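Asks: Take a look at model20.csv, CSV, C-alpha atoms and all ligand atoms:
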```csv
chain,number,residue,atom,x,y,z
U,1,MET,CA,-8.9,-18.8,-17.4
U,2,ASN,CA,-6.9,-16.3,-15.4
U,3,VAL,CA,-5.2,-16.8,-12.0
U,4,PHE,CA,-4.2,-13.9,-9.7
U,5,PHE,CA,-1.4,-14.1,-7.1
U,6,PRO,CA,-1.8,-11.3,-4.5
U,7,LYS,CA,1.0,-10.0,-2.3
U,8,GLU,CA,1.3,-11.9,1.0
U,9,HIS,CA,1.4,-10.1,4.4
U,10,ILE,CA,4.5,-8.1,5.4
U,11,ASN,CA,6.1,-10.9,7.5
U,12,GLU,CA,5.7,-13.6,4.8
U,13,ALA,CA,8.7,-14.2,2.5
U,14,ARG,CA,7.0,-17.1,0.7
U,15,PHE,CA,5.0,-16.8,-2.5
U,16,SER,CA,2.6,-19.1,-4.3
U,17,LEU,CA,4.0,-18.7,-7.8
U,18,THR,CA,7.5,-19.3,-9.1
U,19,GLY,CA,9.1,-18.9,-12.5
U,20,GLU,CA,9.0,-22.7,-13.0
U,21,THR,CA,5.2,-23.0,-12.2
U,22,ALA,CA,4.4,-19.8,-14.2
U,23,GLU,CA,5.9,-21.5,-17.3
U,24,LYS,CA,3.8,-24.6,-16.7
U,25,PHE,CA,0.6,-22.5,-16.4
U,26,LEU,CA,1.4,-20.4,-19.5
U,27,LYS,CA,1.9,-23.6,-21.5
U,28,LYS,CA,-1.7,-24.4,-20.7
U,29,ASN,CA,-2.8,-21.0,-21.9
U,30,ILE,CA,-3.7,-19.9,-18.5
U,31,ASP,CA,-3.2,-16.2,-18.0
U,32,LEU,CA,-1.3,-15.1,-14.9
U,33,TYR,CA,-1.5,-11.9,-12.9
U,34,VAL,CA,0.6,-10.9,-9.9
U,35,GLU,CA,0.1,-7.9,-7.6
U,36,GLU,CA,2.2,-5.0,-8.9
U,37,THR,CA,4.0,-4.2,-5.6
U,38,VAL,CA,5.5,-7.7,-5.1
U,39,GLN,CA,9.4,-7.9,-5.3
U,40,PHE,CA,10.7,-11.3,-6.5
U,41,GLN,CA,14.1,-12.8,-6.0
U,42,ASP,CA,13.2,-15.3,-8.7
U,43,ALA,CA,15.1,-14.4,-12.0
U,44,LEU,CA,12.9,-16.5,-14.2
U,45,LEU,CA,9.7,-15.0,-12.8
U,46,ASN,CA,11.1,-11.5,-13.1
U,47,ASN,CA,11.9,-12.2,-16.7
U,48,LEU,CA,8.4,-13.4,-17.4
U,49,ILE,CA,7.1,-10.2,-15.8
U,50,GLU,CA,9.5,-8.0,-17.8
U,51,THR,CA,8.3,-9.6,-21.0
U,52,ALA,CA,4.7,-9.2,-19.9
U,53,LYS,CA,4.0,-13.0,-20.1
U,54,VAL,CA,3.0,-12.7,-16.5
U,55,LYS,CA,1.1,-9.4,-16.0
U,56,THR,CA,1.0,-7.1,-13.0
U,57,VAL,CA,-2.2,-5.5,-11.7
U,58,SER,CA,-3.3,-3.6,-8.6
U,59,ARG,CA,-4.6,-5.8,-5.7
U,60,GLN,CA,-8.2,-4.6,-6.2
U,61,GLN,CA,-8.1,-5.2,-9.9
U,62,GLY,CA,-6.7,-8.7,-9.5
U,63,LEU,CA,-9.2,-9.6,-6.8
U,64,SER,CA,-12.2,-8.4,-8.7
U,65,SER,CA,-11.3,-9.9,-12.1
U,66,ALA,CA,-9.7,-13.3,-11.4
U,67,ASP,CA,-11.2,-16.7,-12.0
U,68,ILE,CA,-8.8,-18.2,-9.4
U,69,ILE,CA,-6.9,-16.4,-6.6
U,70,CYS,CA,-4.0,-18.3,-5.1
U,71,SER,CA,-2.0,-17.4,-2.0
U,72,LEU,CA,-0.4,-18.9,1.0
U,73,ASN,CA,-2.1,-16.9,3.7
U,74,LYS,CA,-5.9,-16.4,3.7
U,75,LEU,CA,-7.4,-13.2,2.2
U,76,SER,CA,-8.9,-10.7,4.6
U,77,LEU,CA,-12.6,-9.9,4.9
U,78,ASP,CA,-11.8,-6.6,3.1
U,79,ASP,CA,-10.2,-8.5,0.2
U,80,ILE,CA,-13.2,-10.8,-0.1
U,81,ALA,CA,-15.5,-7.8,-0.5
U,82,HIS,CA,-13.8,-7.2,-3.9
U,83,VAL,CA,-14.0,-10.8,-5.1
U,84,LYS,CA,-16.8,-11.7,-7.6
U,85,GLN,CA,-19.2,-14.6,-7.3
U,86,ASP,CA,-18.0,-18.0,-8.5
U,87,THR,CA,-14.3,-17.0,-8.2
U,88,LEU,CA,-12.2,-19.8,-6.7
U,89,VAL,CA,-10.0,-18.8,-3.7
U,90,VAL,CA,-7.1,-21.2,-2.8
U,91,SER,CA,-4.9,-20.8,0.3
U,92,PHE,CA,-4.4,-22.1,3.8
U,93,LEU,CA,-7.7,-21.0,5.2
U,94,ASP,CA,-7.7,-22.3,8.8
U,95,PRO,CA,-11.4,-23.2,8.3
U,96,PHE,CA,-12.1,-24.5,11.8
U,97,ASN,CA,-11.1,-21.1,13.4
U,98,GLU,CA,-11.9,-18.7,10.6
U,99,VAL,CA,-15.7,-19.1,11.0
U,100,GLU,CA,-16.5,-15.5,9.9
U,101,LEU,CA,-14.3,-15.7,6.8
U,102,ILE,CA,-15.7,-19.0,5.5
U,103,SER,CA,-19.3,-17.8,6.2
U,104,GLU,CA,-18.6,-14.7,4.1
U,105,LEU,CA,-17.2,-16.9,1.3
U,106,LYS,CA,-20.3,-19.1,1.4
U,107,ASN,CA,-22.7,-16.2,1.6
U,108,ARG,CA,-21.1,-14.4,-1.3
U,109,SER,CA,-21.1,-17.7,-3.3
U,110,ILE,CA,-17.3,-17.7,-3.7
U,111,SER,CA,-15.7,-21.1,-4.1
U,112,SER,CA,-12.8,-21.8,-1.8
U,113,ILE,CA,-10.2,-24.5,-1.3
U,114,SER,CA,-8.3,-24.9,2.0
U,115,MET,CA,-4.9,-26.4,1.4
U,116,GLU,CA,-4.9,-27.9,4.9
U,117,LEU,CA,-7.8,-30.1,3.9
U,118,VAL,CA,-6.1,-31.8,0.9
U,119,PRO,CA,-6.4,-35.5,1.9
U,120,ARG,CA,-3.3,-37.6,2.8
U,121,THR,CA,-3.8,-40.0,-0.1
U,122,THR,CA,-1.2,-41.3,-2.6
U,123,ARG,CA,-2.9,-39.4,-5.5
U,124,ALA,CA,-3.0,-36.2,-3.5
U,125,GLN,CA,0.6,-36.3,-2.3
U,126,LYS,CA,1.8,-33.8,-5.0
U,127,MET,CA,-0.8,-31.3,-3.8
U,128,ASP,CA,-0.1,-31.8,0.0
U,129,ALA,CA,1.0,-28.4,1.1
U,130,LEU,CA,0.8,-29.3,4.8
U,131,SER,CA,3.5,-31.9,4.2
U,132,SER,CA,5.6,-29.8,1.9
U,133,GLN,CA,5.8,-27.0,4.4
U,134,ALA,CA,6.0,-29.2,7.5
U,135,ASN,CA,9.0,-30.9,6.0
U,136,LEU,CA,10.9,-27.6,5.7
U,137,ALA,CA,9.6,-26.5,9.1
U,138,GLY,CA,11.2,-29.6,10.7
U,139,TYR,CA,14.5,-28.7,9.0
U,140,SER,CA,14.4,-25.0,10.0
U,141,ALA,CA,13.5,-25.9,13.7
U,142,VAL,CA,16.8,-27.8,14.0
U,143,ILE,CA,18.9,-25.1,12.3
U,144,ILE,CA,17.4,-22.3,14.4
U,145,ALA,CA,17.8,-24.4,17.6
U,146,SER,CA,21.4,-25.1,16.8
U,147,ASN,CA,22.0,-21.4,16.2
U,148,HIS,CA,20.7,-20.5,19.6
U,149,LEU,CA,22.5,-23.5,21.4
U,150,GLU,CA,25.8,-22.6,22.9
U,151,LYS,CA,27.2,-26.0,21.9
U,152,ALA,CA,28.1,-27.7,18.7
U,153,LEU,CA,26.0,-30.7,17.6
U,154,PRO,CA,28.5,-33.3,16.5
U,155,MET,CA,31.0,-35.2,18.5
U,156,MET,CA,34.6,-33.9,17.9
U,157,MET,CA,37.8,-35.7,19.0
U,158,THR,CA,40.6,-33.1,19.0
U,159,ALA,CA,43.9,-32.7,20.6
U,160,ALA,CA,42.3,-30.1,22.8
U,161,GLY,CA,39.8,-32.5,24.1
U,162,THR,CA,36.8,-34.6,23.1
U,163,ILE,CA,33.5,-32.8,22.6
U,164,SER,CA,30.5,-35.0,23.2
U,165,PRO,CA,27.6,-34.9,20.8
U,166,SER,CA,24.6,-32.7,21.8
U,167,LYS,CA,21.4,-34.5,22.5
U,168,VAL,CA,18.2,-33.6,20.6
U,169,PHE,CA,14.8,-34.9,21.7
U,170,VAL,CA,12.0,-34.7,19.1
U,171,VAL,CA,8.4,-35.0,20.4
U,172,GLY,CA,5.9,-35.9,17.7
U,173,VAL,CA,7.1,-37.9,14.7
U,174,GLY,CA,4.9,-36.8,11.8
U,175,VAL,CA,6.3,-35.1,8.7
U,176,ALA,CA,8.0,-32.3,10.6
U,177,GLY,CA,9.3,-34.5,13.3
U,178,LEU,CA,10.9,-37.0,10.9
U,179,GLN,CA,12.7,-34.2,9.0
U,180,ALA,CA,13.9,-32.7,12.4
U,181,ILE,CA,15.3,-36.1,13.3
U,182,ALA,CA,17.0,-36.5,9.9
U,183,THR,CA,18.5,-33.0,10.1
U,184,ALA,CA,19.7,-33.3,13.6
U,185,LYS,CA,21.3,-36.7,12.8
U,186,ARG,CA,23.0,-35.3,9.7
U,187,LEU,CA,24.5,-32.6,11.9
U,188,GLY,CA,25.9,-35.3,14.2
U,189,ALA,CA,23.6,-35.0,17.2
U,190,ARG,CA,22.5,-37.9,19.4
U,191,VAL,CA,18.7,-38.0,18.7
U,192,GLU,CA,15.8,-39.5,20.6
U,193,ALA,CA,12.1,-39.2,19.7
U,194,PHE,CA,8.7,-40.0,20.9
U,195,ASP,CA,5.2,-40.2,19.4
U,196,THR,CA,1.9,-41.6,20.7
U,197,ARG,CA,1.6,-43.6,17.5
U,198,GLU,CA,3.9,-46.6,18.2
U,199,GLU,CA,4.1,-47.6,14.6
U,200,VAL,CA,6.6,-44.7,13.9
U,201,GLU,CA,9.2,-46.5,16.0
U,202,ASP,CA,10.7,-48.2,12.9
U,203,GLN,CA,10.9,-44.9,11.0
U,204,VAL,CA,12.7,-43.3,14.0
U,205,LYS,CA,15.1,-46.2,14.2
U,206,SER,CA,15.7,-46.2,10.4
U,207,LEU,CA,17.0,-42.6,10.8
U,208,GLY,CA,19.5,-43.8,13.4
U,209,ALA,CA,17.6,-42.3,16.4
U,210,ARG,CA,16.3,-43.9,19.5
U,211,PHE,CA,12.6,-44.3,20.1
U,212,VAL,CA,11.6,-43.4,23.7
U,213,LYS,CA,9.1,-46.0,25.0
U,214,ILE,CA,6.3,-44.8,27.3
U,215,ASP,CA,3.4,-47.0,28.1
U,216,LEU,CA,0.2,-44.9,27.7
U,217,GLY,CA,-2.2,-47.8,27.3
U,218,GLU,CA,-4.6,-47.7,24.3
U,219,THR,CA,-4.1,-44.6,22.0
U,220,GLU,CA,-6.5,-44.0,19.1
U,221,LYS,CA,-6.1,-42.8,15.5
U,222,THR,CA,-8.4,-41.2,13.0
U,223,SER,CA,-9.1,-43.0,9.6
U,224,GLN,CA,-6.6,-40.5,8.1
U,225,GLY,CA,-3.8,-41.8,10.4
U,226,TYR,CA,-3.8,-38.7,12.7
U,227,ALA,CA,-3.4,-39.2,16.5
U,228,LYS,CA,-6.5,-38.6,18.6
U,229,ALA,CA,-6.3,-36.5,21.8
U,230,LEU,CA,-4.9,-38.3,24.9
U,231,THR,CA,-6.9,-38.4,28.2
U,232,ALA,CA,-5.6,-36.2,31.0
U,233,ASP,CA,-4.3,-39.4,32.7
U,234,GLN,CA,-2.3,-40.4,29.6
U,235,ILE,CA,-0.8,-36.9,29.2
U,236,LYS,CA,0.3,-37.2,32.8
U,237,LYS,CA,1.9,-40.6,32.1
U,238,GLN,CA,3.6,-39.1,29.0
U,239,GLN,CA,5.0,-36.2,31.0
U,240,GLU,CA,6.4,-38.6,33.7
U,241,GLY,CA,8.0,-40.7,30.9
U,242,MET,CA,9.6,-37.7,29.1
U,243,LYS,CA,10.8,-35.9,32.2
U,244,LYS,CA,14.2,-37.6,32.3
U,245,VAL,CA,14.8,-37.4,28.6
U,246,CYS,CA,14.0,-33.7,28.5
U,247,SER,CA,16.3,-32.9,31.4
U,248,SER,CA,19.3,-34.5,29.7
U,249,SER,CA,18.6,-33.0,26.3
U,250,ASP,CA,20.3,-29.9,24.9
U,251,ILE,CA,17.5,-29.3,22.3
U,252,VAL,CA,13.8,-30.3,22.6
U,253,ILE,CA,11.7,-29.9,19.5
U,254,THR,CA,8.0,-30.4,19.9
U,255,THR,CA,5.7,-31.0,16.9
U,256,ALA,CA,2.7,-32.7,18.6
U,257,GLN,CA,-0.6,-31.8,16.9
U,258,VAL,CA,-4.1,-33.3,17.1
U,259,PHE,CA,-6.0,-32.5,13.9
U,260,GLY,CA,-8.7,-29.8,14.3
U,261,ARG,CA,-8.0,-29.4,18.0
U,262,PRO,CA,-5.6,-27.3,20.2
U,263,ALA,CA,-2.2,-28.9,20.5
U,264,PRO,CA,-1.6,-31.0,23.7
U,265,LYS,CA,0.3,-29.3,26.5
U,266,ILE,CA,3.0,-31.9,27.1
U,267,ILE,CA,6.1,-30.0,28.4
U,268,THR,CA,5.5,-28.3,31.7
U,269,ALA,CA,7.4,-25.4,33.1
U,270,GLU,CA,8.9,-27.7,35.6
U,271,MET,CA,10.2,-30.0,32.8
U,272,VAL,CA,11.7,-26.9,31.0
U,273,GLU,CA,13.4,-25.7,34.2
U,274,ALA,CA,14.9,-29.2,34.8
U,275,MET,CA,17.0,-28.7,31.5
U,276,GLN,CA,20.5,-27.3,31.7
U,277,PRO,CA,20.9,-23.5,31.2
U,278,GLY,CA,21.8,-22.8,27.6
U,279,SER,CA,19.4,-25.4,26.3
U,280,VAL,CA,16.8,-24.7,23.7
U,281,VAL,CA,13.2,-25.7,23.2
U,282,VAL,CA,11.4,-25.2,19.9
U,283,ASP,CA,7.6,-25.3,20.2
U,284,MET,CA,6.5,-26.0,16.6
U,285,ALA,CA,2.9,-26.2,17.7
U,286,VAL,CA,2.9,-22.7,19.2
U,287,SER,CA,0.3,-21.4,16.6
U,288,SER,CA,-2.3,-24.0,17.6
U,289,GLY,CA,-2.0,-23.5,21.3
U,290,GLY,CA,1.6,-24.8,22.0
U,291,ASN,CA,3.1,-28.0,23.4
U,292,VAL,CA,5.2,-26.2,25.9
U,293,GLU,CA,4.1,-24.3,28.9
U,294,GLY,CA,5.3,-20.7,28.6
U,295,SER,CA,6.0,-20.6,24.9
U,296,LYS,CA,4.7,-17.5,23.1
U,297,LYS,CA,3.8,-17.0,19.4
U,298,GLY,CA,6.6,-15.2,17.5
U,299,GLU,CA,8.8,-14.8,20.6
U,300,ILE,CA,11.8,-16.3,22.2
U,301,VAL,CA,11.1,-16.7,25.9
U,302,ASP,CA,14.0,-17.1,28.3
U,303,ILE,CA,13.3,-19.2,31.4
U,304,LYS,CA,16.3,-19.5,33.8
U,305,GLY,CA,18.7,-19.5,30.8
U,306,ILE,CA,16.6,-22.0,28.7
U,307,LYS,CA,15.3,-20.5,25.5
U,308,ILE,CA,11.8,-21.4,24.3
U,309,ILE,CA,11.4,-20.5,20.6
U,310,GLY,CA,7.9,-19.9,19.3
U,311,ASN,CA,8.6,-19.1,15.7
U,312,VAL,CA,5.3,-19.2,13.9
U,313,ASN,CA,6.6,-19.4,10.3
U,314,LEU,CA,9.4,-21.9,10.3
U,315,PRO,CA,9.1,-22.8,6.5
U,316,GLY,CA,9.3,-19.1,5.9
U,317,GLU,CA,12.9,-19.3,7.1
U,318,VAL,CA,13.8,-21.0,3.9
U,319,PRO,CA,11.4,-19.1,1.6
U,320,THR,CA,12.9,-20.0,-1.8
U,321,HIS,CA,12.5,-23.7,-1.2
U,322,ALA,CA,9.2,-23.3,0.7
U,323,SER,CA,7.8,-21.2,-2.3
U,324,GLN,CA,9.1,-23.8,-4.8
U,325,VAL,CA,7.3,-26.7,-3.2
U,326,TYR,CA,4.1,-24.7,-2.3
U,327,ALA,CA,3.9,-23.3,-5.9
U,328,ASN,CA,4.2,-26.9,-7.2
U,329,ASN,CA,1.4,-28.0,-4.8
U,330,ILE,CA,-0.8,-25.2,-6.2
U,331,PHE,CA,0.0,-25.9,-9.8
U,332,ASN,CA,-0.6,-29.6,-9.4
U,333,LEU,CA,-3.9,-29.0,-7.8
U,334,ILE,CA,-5.2,-26.7,-10.5
U,335,ASP,CA,-3.7,-28.8,-13.2
U,336,GLU,CA,-5.4,-32.0,-11.8
U,337,PHE,CA,-8.8,-30.4,-12.2
U,338,TYR,CA,-8.3,-28.0,-15.1
U,339,ASN,CA,-10.5,-28.8,-18.1
U,340,GLU,CA,-8.7,-27.6,-21.2
U,341,GLU,CA,-11.7,-27.9,-23.5
U,342,ILE,CA,-13.8,-25.4,-21.5
U,343,ALA,CA,-10.7,-23.6,-20.2
U,344,SER,CA,-11.9,-23.7,-16.6
U,345,PHE,CA,-11.6,-25.4,-13.3
U,346,SER,CA,-14.0,-28.4,-13.1
U,347,TYR,CA,-15.7,-29.0,-9.8
U,348,ASN,CA,-16.1,-32.7,-9.8
U,349,LEU,CA,-17.8,-33.1,-6.5
U,350,SER,CA,-17.6,-36.9,-6.6
U,351,ASP,CA,-13.8,-36.7,-6.5
U,352,GLU,CA,-12.6,-37.4,-3.0
U,353,ILE,CA,-9.8,-34.8,-3.2
U,354,LEU,CA,-12.2,-32.0,-4.0
U,355,THR,CA,-14.9,-33.1,-1.5
U,356,ASN,CA,-12.3,-32.9,1.2
U,357,CYS,CA,-10.5,-29.7,0.3
U,358,ILE,CA,-13.4,-27.5,-1.0
U,359,VAL,CA,-14.8,-25.5,1.9
U,360,THR,CA,-17.4,-23.5,0.0
U,361,HIS,CA,-19.0,-23.8,-3.4
U,362,LYS,CA,-22.2,-22.3,-4.9
U,363,GLY,CA,-23.3,-20.9,-1.5
U,364,GLU,CA,-22.8,-24.2,0.4
U,365,PHE,CA,-20.2,-25.8,2.7
U,366,ILE,CA,-18.7,-28.9,1.0
U,367,ASN,CA,-16.1,-30.4,3.4
U,368,LYS,CA,-18.0,-32.7,5.8
U,369,SER,CA,-16.4,-31.6,9.0
U,370,VAL,CA,-16.7,-27.9,8.1
U,371,LYS,CA,-20.4,-28.5,7.2
U,372,GLU,CA,-21.0,-30.3,10.6
U,373,ARG,CA,-19.4,-27.6,12.6
U,374,ASN,CA,-21.1,-24.7,10.9
U,375,ASN,CA,-24.7,-25.9,10.3
B,401,LIG,P1,0.6,-33.7,12.7
B,401,LIG,O1,1.3,-32.4,12.4
B,401,LIG,O2,-0.9,-33.7,12.8
B,401,LIG,O3,1.1,-34.2,14.2
B,401,LIG,C1,2.5,-34.4,14.4
B,401,LIG,C2,2.7,-35.6,15.2
B,401,LIG,O4,2.3,-35.4,16.6
B,401,LIG,C3,1.9,-36.9,14.7
B,401,LIG,O5,2.9,-37.9,14.4
B,401,LIG,C4,1.1,-37.2,16.0
B,401,LIG,O6,1.0,-38.6,16.1
B,401,LIG,C5,1.9,-36.7,17.1
B,401,LIG,N1,1.3,-36.5,18.4
B,401,LIG,C6,0.0,-36.1,18.7
B,401,LIG,N2,-0.2,-36.0,20.0
B,401,LIG,C7,1.0,-36.3,20.6
B,401,LIG,C8,1.5,-36.4,21.9
B,401,LIG,N3,0.7,-36.2,23.0
B,401,LIG,N4,2.8,-36.8,22.1
B,401,LIG,C9,3.6,-37.0,21.1
B,401,LIG,N5,3.2,-36.9,19.8
B,401,LIG,C10,2.0,-36.6,19.5
B,401,LIG,O7,1.1,-34.9,11.8
B,401,LIG,P2,1.4,-34.9,10.3
B,401,LIG,O8,2.9,-34.6,10.1
B,401,LIG,O9,0.4,-34.1,9.6
B,401,LIG,O10,1.2,-36.5,10.0
B,401,LIG,C11,0.0,-37.2,10.4
B,401,LIG,C12,-0.1,-38.5,9.8
B,401,LIG,O11,-0.3,-38.4,8.4
B,401,LIG,C13,1.2,-39.4,9.9
B,401,LIG,O12,0.8,-40.7,10.0
B,401,LIG,C14,1.9,-39.2,8.6
B,401,LIG,O13,2.8,-40.2,8.2
B,401,LIG,C15,0.7,-39.2,7.7
B,401,LIG,N6,0.9,-38.6,6.4
B,401,LIG,C16,0.5,-39.3,5.3
B,401,LIG,C17,0.7,-38.8,4.0
B,401,LIG,C18,0.2,-39.5,2.8
B,401,LIG,O14,0.0,-40.7,2.8
B,401,LIG,N7,0.1,-38.9,1.6
B,401,LIG,C19,1.2,-37.5,3.9
B,401,LIG,C20,1.6,-36.8,5.0
B,401,LIG,C21,1.4,-37.3,6.3
```
Can the structure in the file be given as structure tokens, please?
Replies:
Amino acid sequence: MNVFFPKEHINEARFSLTGETAEKFLKKNIDLYVEETVQFQDALLNNLIETAKVKTVSRQQGLSSADIICSLNKLSLDDIAHVKQDTLVVSFLDPFNEVELISELKNRSISSISMELVPRTTRAQKMDALSSQANLAGYSAVIIASNHLEKALPMMMTAAGTISPSKVFVVGVGVAGLQAIATAKRLGARVEAFDTREEVEDQVKSLGARFVKIDLGETEKTSQGYAKALTADQIKKQQEGMKKVCSSSDIVITTAQVFGRPAPKIITAEMVEAMQPGSVVVDMAVSSGGNVEGSKKGEIVDIKGIKIIGNVNLPGEVPTHASQVYANNIFNLIDEFYNEEIASFSYNLSDEILTNCIVTHKGEFINKSVKERNN
């Protein structure tokens, strides 16, 4: 079996193979190919390439001859035109928005796995790329915000005066939110957090932060533990409840997402303007519609001295570690379903990990939600 790792797009510093995972693949006699133009900072991977243990090929050659193609970002329609039938393509696929792309994969009978759709189960944790990247994104959000803030985060008692700790408010306490809280606490900030799932209160407190209580009435969850969308009335109540906390915060980090739907708009322009000039807002949901009114993808917007950061690739700010954990997710996924006897990936369609994360196989949609939305 051979696996090809194509070059990512120009603004992507992460990669889906590392020297460490390359060695693990090679031990299983899986042949590895990387696109010839990629430059690596990874000494071990460079060494494997120099000694031809990992081979280099042109993009077109790699795409057309691989059994499996792995990347972070999805392939383009032009790329897919070169991929042969029954090849497996693995990446973040954004399958609910990339309707044309997944239809093309299905029609060309190319198999595909969407890393977003790996289920949140104990067995699948080692393949959970949403979590591995969200964790680093939460960290990066705090580091970037503190770089833009004109204040220090910790309290300092000096002969020249006492500096009070900066206040950080984290909205949405999933994987990214928890890491943002932990990072801001380690840097000495005073941290508050809110989530519509009240059960996260204990996790927030265990990190030394305060949980902001807002009575929204009944809030629902999916069977996978994701929050469901709030009603317009509940969003209004949430905004009222968060107004005061936002206005007294130096940094607001929003991570609120609702699976498969646009992110809820929970911070209004009025709430931003009520913050002190010099404050910073990081909208971590900017790619899926944004939690903050006025945030823009890939831009820093200045509203009356308050910066709204719309960085779309926060894990990419720490590419070495983001690549390390993503490459591990990829290796663990292939390893879990690699059948050494026949030297190929085995599509066990009664395995709940595969029935969730496979988008297309043998000319059909496999994931239930993708199937429902596209048939
Ligand atoms: P996510 O990125 O989908 O959403 C981020 C957070 O935003 C969630 O905590 C959600 O409740 C919250 N949110 C939604 N609407 C909101 C609103 N209006 N206001 C404030 N917050 C709002 O979440 P995630 O990080 O992918 O985690 C989702 C769930 O999956 C969590 O329960 C998490 O602990 C769980 N999880 C489980 C596993 C596992 O068991 N293997 C792995 C990862 C995550």
Asks: Might you pull out every residue within 12 Å of Glu352 in chain U, with only C-alpha atoms counted and same-chain residues fewer than 6 positions away left off, and present them as a list in words?
Replies: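 With the cut-off at 12 Å, the set is Leu117, Val118, Pro119, Arg120, Thr121, Arg123, Ala124, Ile358, Ile366, Asn367 and Lys368 of chain U.
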Asks: List all protein, DNA and RNA residues that have at least one atom no more than 6 Å from any atom of ligand LIG 401 (chain B), counting only C-alpha atoms and all ligand atoms, and write them as a list in words.
Replies: Arg120, Thr121, Thr122, Gln125, Ser131, Val171, Gly172, Val173, Gly174, Val175, Ala176, Phe194, Asp195, Thr196, Arg197, Gly225, Tyr226, Ala227, Thr255, Ala256, Gln257, Val258, Phe259 and Pro264 of chain U
Asks: Give me the residues within 6 Å of Lys74 in chain U as a PyMOL selection string, counting only C-alpha atoms and dropping any in the same chain fewer than 2 places off.
Replies: chain U and resi 91-93
Asks: Residues at most 12 Å from Ala66 in chain U, counting all atoms listed in the file, excluding those fewer than 2 positions away in the same chain, as a short mmCIF file (atom, residue, chain, number, x, y, z; two decimals) with C-alpha atoms, in the frame of the given file?
Replies:
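Ended up saving to part.cif:
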```
data_model
loop_
_atom_site.label_atom_id
_atom_site.label_comp_id
_atom_site.auth_asym_id
_atom_site.auth_seq_id
_atom_site.Cartn_x
_atom_site.Cartn_y
_atom_site.Cartn_z
CA MET U 1 -8.90 -18.80 -17.40
CA ASN U 2 -6.90 -16.30 -15.40
CA VAL U 3 -5.20 -16.80 -12.00
CA PHE U 4 -4.20 -13.90 -9.70
CA PHE U 5 -1.40 -14.10 -7.10
CA PRO U 6 -1.80 -11.30 -4.50
CA ILE U 30 -3.70 -19.90 -18.50
CA ASP U 31 -3.20 -16.20 -18.00
CA LEU U 32 -1.30 -15.10 -14.90
CA TYR U 33 -1.50 -11.90 -12.90
CA VAL U 34 0.60 -10.90 -9.90
CA GLU U 35 0.10 -7.90 -7.60
CA VAL U 57 -2.20 -5.50 -11.70
CA SER U 58 -3.30 -3.60 -8.60
CA ARG U 59 -4.60 -5.80 -5.70
CA GLN U 60 -8.20 -4.60 -6.20
CA GLN U 61 -8.10 -5.20 -9.90
CA GLY U 62 -6.70 -8.70 -9.50
CA LEU U 63 -9.20 -9.60 -6.80
CA SER U 64 -12.20 -8.40 -8.70
CA ILE U 68 -8.80 -18.20 -9.40
CA ILE U 69 -6.90 -16.40 -6.60
CA CYS U 70 -4.00 -18.30 -5.10
CA HIS U 82 -13.80 -7.20 -3.90
CA VAL U 83 -14.00 -10.80 -5.10
CA LYS U 84 -16.80 -11.70 -7.60
CA GLN U 85 -19.20 -14.60 -7.30
CA ASP U 86 -18.00 -18.00 -8.50
CA THR U 87 -14.30 -17.00 -8.20
CA LEU U 88 -12.20 -19.80 -6.70
CA VAL U 89 -10.00 -18.80 -3.70
CA VAL U 90 -7.10 -21.20 -2.80
CA ILE U 110 -17.30 -17.70 -3.70
CA SER U 344 -11.90 -23.70 -16.60
#
```
Asks: Got a sec: who's within 6 Å of range 310-326 of chain U, counting all atoms listed in the file, leaving out chain neighbours fewer than 4 positions off, as an NGL selection string?
Replies: :U and (13-16 or 129 or 133 or 136-137 or 140 or 283 or 286 or 295-299)
Asks: Can you measure CA of Asp250 in chain U to CA of Gln234 in chain U for me? One decimal in Å is fine.
Replies: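 These atoms are spaced 25.4 Å apart.
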Asks: For Lys371 in chain U, which residue among U:Ile102, U:Leu48, U:Val252, U:Leu72 is the nearest when counting only C-alpha atoms?
Replies: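 Among the listed residues, the smallest separation from Lys371 in chain U belongs to U:Ile102.
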Asks: Go ahead and fit an axis-aligned box to every listed atom of range 27-44 of chain U plus 8 Å each side, and pass me the centre and edge lengths in Å, one decimal, as lines of an AutoDock Vina configuration file.
Replies:
```
center_x = 5.7
center_y = -14.3
center_z = -13.5
size_x = 34.8
size_y = 36.2
size_z = 32.8
```
Asks: What gap, in Å, lies between CA of Ile144 in chain U and CA of Thr183 in chain U?
Replies: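 Interatomic distance, CA of Ile144 in chain U to CA of Thr183 in chain U: 11.6 Å.
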Asks: Which value, in Å to one decimal, gives the distance between CA of Ala52 in chain U and CA of Ser65 in chain U?
Replies: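 Here the two named atoms are 17.8 Å from each other.
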Asks: Restricting the calculation to only C-alpha atoms: of U:Ser109, U:Arg261, U:Val38, U:Ser249, which residue gets closest to Leu230 in chain U?
Replies: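 Under the stated criterion, the closest residue is U:Arg261.
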Asks: For a quick check of understanding, using all atoms listed in the file, which of U:Val191, U:Ala269, U:Ala145, U:Ala229 has the smallest distance to Leu207 in chain U?
Replies: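 Going through U:Val191, U:Ala269, U:Ala145, U:Ala229 one by one, the smallest distance to Leu207 in chain U is for U:Val191.
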Asks: May I ask which of the residues U:Gly289, U:Gly208, U:Gly19, U:Pro154 is the closest one to Asn46 in chain U, counting all atoms listed in the file?
Replies: U:Gly19
Asks: Please provide as a list of chain:residue names all residues within 6 Å of Val282 in chain U, with the sequence filter that same-chain residues fewer than 4 positions apart are discarded (counting only C-alpha atoms).
Replies: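 Non-adjacent residues within range: U:Ile253, U:Ile308, U:Ile309.
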Asks: Taking only C-alpha atoms into account, which of U:Asp335, U:Glu12, U:Glu364, U:Asp233 comes nearest Asn73 in chain U?
Replies: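 With only C-alpha atoms as the atom set, the closest residue is U:Glu12.
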